[in-house]
Amino acid sequence: MNDRHLLSIADLGREGIEDVMRTADSFREVAGRSIPRVPALRGKTVATLFFEASTRTRLSFETAAKRLSADVMSFAASSSSLEKGESLRDTVETIDAMGVDAMVVRHRSSGVPAQVTAWTSACVINAGDGQHEHPTQALLDCYTIREALAQRRGTEDSQNGADFAGLRIGIVGDVKHSRVARSNVLAFSALGAEVVLVAPRTLMPPSLDGWPVKATADLDSVIPDLDVVYLLRIQAERAGQVLLPNLDEYHERYGLTRERSNRLAAGALVMHPGPMIRGVEIAPEVADLPSSLVTRQVRNGVFIRSAVLFHLLGAADSGEAIDA
Amino acid sequence: MPEVLIRGGTIVDEQGERRGDVLVSGVGIVAVDSTIDAPAGAAVVDAGGCIVAPGLVDLHTHLREPGAEVAETVETGCRAASLGGYTAVVAMPNTEPAIDNPSIARDVLELGRNALAQVAVAAAITVGRQGVHLTPMAELAALGIHLFTDDGAGVQDASLMRQALEYAGDLGIVLAQHCQDDSLAAGGHMHEGAWSSRLGIAGQPALAEESMLARDLALVRLTRSPMHFLHLSTAGSVELVRRAKAEGLPVTAEVTPHHLSLTHAEVASYDSAFKVNPPLREEADVEALRVGLEQGVIDAVATDHAPHAPEKKQVPFDEAPPGMLGLETALAVVSSAMSGRLGWVDIFAACSWRPARIGRLDPASGGRQGGPVAPGAAANLVVFDPTAEWSVDPSRLASRSRNTPYAGRQLTGKVRHTLLEGEPVVIDGEAQR
Ligand SMILES: [Zn+2]
C-alpha cells in the first residue's frame, strides 16, 4: 500500500485492501482480550482534524489509535481559528508544528486531505472528504461483507478478497454526492465484485467514464440478482431541489421496501453506511432483518482503522508489535 | 534617452520574417537594416538567436487595483507584463469598486501612466457589474475606452444584453462577454466531466459557456453590433464562432494560454492553482482550440491574468477563487502549444497585432501597439529567445501573487528584452525598474 498516506482506495489496490483486512483480523483477536491494547504505536501521536462534525467516525479513529497505545490529539473546527479567517494551511502547519505522526482529516470539501499532505510531514488519513472518498468506510464494508460471507459458509476462515469474486453488489441512491459510493466502487471492484449503481440520473455522477460499474435507474430490474444491496444515505435537502421531487417518491422508487426485500435472493446482505433514515432508504421493518449488518459495521470500523494506522505508522518498526 | 541598437535578431511582424538590426531613438524606431553600426553613445542590446517583434498586447488582464492591492497593483501587474514581453494590457473592470464610471476609469489610467506597460482599460457594461443598469458608455467611450465587459460574470439577462448591444452599436464600441450561463454553471468549481465525477467536485458543463455564446451570436445577428468573446474554452464554442464568422457576423474571439495547454486532469491534485473560470476542459477541447487559433476562427491569445493572494488560494478547492497568473509565461506556453501548427508570424499575430486591433491600440486606430517593426513606428518591442529553457519558480515572479499553474514546470522560450516607448524596461530577463 501507499506507505505514506491513505487518501483514496486507489492508494491500496487489491493487495493493500487484503493486507489491511488480514491485519484487522489480528485486532479483532486483540479486542477479545481482557486488556484490548497493544503497544504497537507507543510514543506516536495521532491527531484527528474534523472540520466537519462526525462524532461516530472520530471516536472510531480515536478508539482505534488508543488500542495501539498511540497518543491522541483532537481538533474540531468549532474550537479552531478557522472562523477568525486563518487559512487551512495555517491551521495544518500549526498542528504539524506540535509534532504529530498522523493526521486523520475529515472535511466537507473534496480534496482537503490531499491538499494537507503538502503542508505536513505526517501521514494523512482521509476520514471522509466532501463528495470524494471515505476509504476507511469502504474497508470496513469489505471487511464486514467478508465476515458475513465466511459465516454463511459456516466457517471463521475467510478466503479474504477471494470471497468477492463474482459477487454482485448494488449501490443504491445518491451516488453523485456520495464519498462512500466512490470508495466502495473502487474497493468492491478491486476485489473482483461486479458493481451496479442504481439511481435516478439526477443522482448519478455526470460521467461514469472509467468507472468499473454498470448503471441503471431501475432498482426492481436488478434486485433479484444482487448478493449485496448497499443503500446510500439520501440527504433530506436534496429532495425539494430539482434533483428529486420529494422523499416519498424516492422511497417509492429506490427505497428497500418490504416488497423489494422479499424479492432479494436468499441470504442477500443489506448494508447502509449509517445513520439511516427509516422510511426513506429502507422500510422500518426491513432495517431489523438479520441480514442487515449495520451494527457489525460499527464494531469492525475500529479494527479496520487500527489496521490502517498500524500499516501507516507501525509496520515498518515492528511487525511483532501486535503480539507483544 | 540614449539610442538603443537591437542587434542580430530575426524581425517578425505583419510583413513577415527577416534578419535585421533595429535602431531606436526616443520613442520610435528610426532605422531597420540588415546591419546597422552602433551610433556613438547608443546602448547595444544583443538579440542573437532571438526574435524581435512588436510588443505583445493583452486584451484580458486583471490588475486588481483598486480593491485587491494585496494580490496585484497596476505597477506589479505591468512589471509582470513587461517581463512577459507585453507592452500593453487592457485592465479588466471587475475591481472593487468596479470600473463603471469615468472617475474610476481615469484613476486607473492615471495609475498606468508610469507603469512598465501601456495600460488601457475596459469598462463594465452594467453598473457594479450587477447586470441591471447600463453604465454611462458614451462618457466612458469619450475617455478612449473601447471594450466593455462585466467579465468575471456574463450578462445573464438576454433583454438587457440586447439593449446594451444596440446602445454600444451607436457608439462604435465593442462589448466583450464572459460567456457563462449562471443557471447552468452555478455551484460548479471545475469542468463537468470524467474528472469532476471522479473527484467529487461539482462541475460546470461546457453547455454553460456555449448556450450564452449561442444566445449572444443570435443577438449580434439581430443588432449587427460587434462583439468580442472572452476566453473561449470548448470545442462547441469554436464551432459556433466558426459558423458565425462564415455567416459574416462582426465577432472576434480570444483563447487563453492555459486553455491551450492544460486539461481538467490537472485538478486531480486538488491544487487550487488549477481552479479557473472558465474551467480547464478536456483533451478534445484543447485540440479544438488549437485548431481554432490555427485557422483564425479564434483571433487572439489573451492571458486572463488573474492574481489571487496565496492565503486566498490555500483553502479547500471549492472555496478558492478561480484564476491563474498568465503574463510572465504566456508566450512560452503558447509558442510551445502551437509549435508545428503556427509559424512565428502567426504566433505574434495572435499575441500582438490582432489583439492590438481588437482593442483599438493599433496605429490605424491612432494607437502605438502591434507594429510594424519599421522606421517611424513606435518602439514597443519584444526580444524573445525561442530556445531558452527555464523552469517556473513562483517565488521569482514579478506578480504580487503566486498562483501560476506552471509552478516547477520546464518551459521553452523566454523573453530577453522588452522596450516600451523606446525605454529598455526589461534587459536580459530583468525588469529595469
Ligand atoms: Zn472572465
# chains A, B, ... in the order shown; residues from 1 in each chain; ligands from 1
>>> residues_near_ligand(ligand="ligand 1", cutoff="12 Å", atoms="only C-alpha atoms and all ligand atoms", output="ChimeraX atom specification")
/B:59-62,92-94,149-155,176-180,209,229-233,254-256,276-279,302-306,322-324
>>> residues_around(residues="Glu29 of chain A", least_positions_apart="4", cutoff="12 Å", atoms="only C-alpha atoms", output="list in words")
Arg22, Thr23, Ala24, Asp25, Arg33, Ser34, Ile35, Pro36, Arg37, Val38, Asn300, Phe303, Ile322 and Asp323 of chain A
>>> select_by_dssp(residues="segment 184-320 of chain A", states="alpha helix (DSSP H)", output="ChimeraX atom specification")
/A:184-190,219-222,247-254,258-263,294-309
>>> interface_residues(of="chain B", to="chain A", cutoff="6 Å", atoms="only C-alpha atoms", output="list of chain:residue names")
B:Gly193, B:Ala194, B:Ser197, B:Leu199, B:Gly200, B:Tyr270, B:Gln314, B:Val315, B:Pro316
>>> atom_distance(atom1="atom CA of Gly370 of chain B", atom2="atom CA of Asp346 of chain B")
12.8 Å
>>> closest_residue(among="B:Gly413, B:Ala53, B:Ser336, B:Glu328", to="Thr76 of chain B", atoms="only C-alpha atoms")
B:Glu328
>>> select_by_dssp(residues="segment 184-363 of chain B", states="strand (DSSP E)", output="ChimeraX atom specification")
/B:190-191,203-204,227-229,251-255,300-301
>>> residues_around(residues="segment 27-38 of chain B", least_positions_apart="6", cutoff="7 Å", atoms="only C-alpha atoms", output="list of chain:residue names")
B:Leu5, B:Arg19, B:Gly20, B:Asp21, B:Ala374, B:Pro375, B:Gly376, B:Ala377, B:Ala378, B:Ala379, B:Glu421, B:Gly422
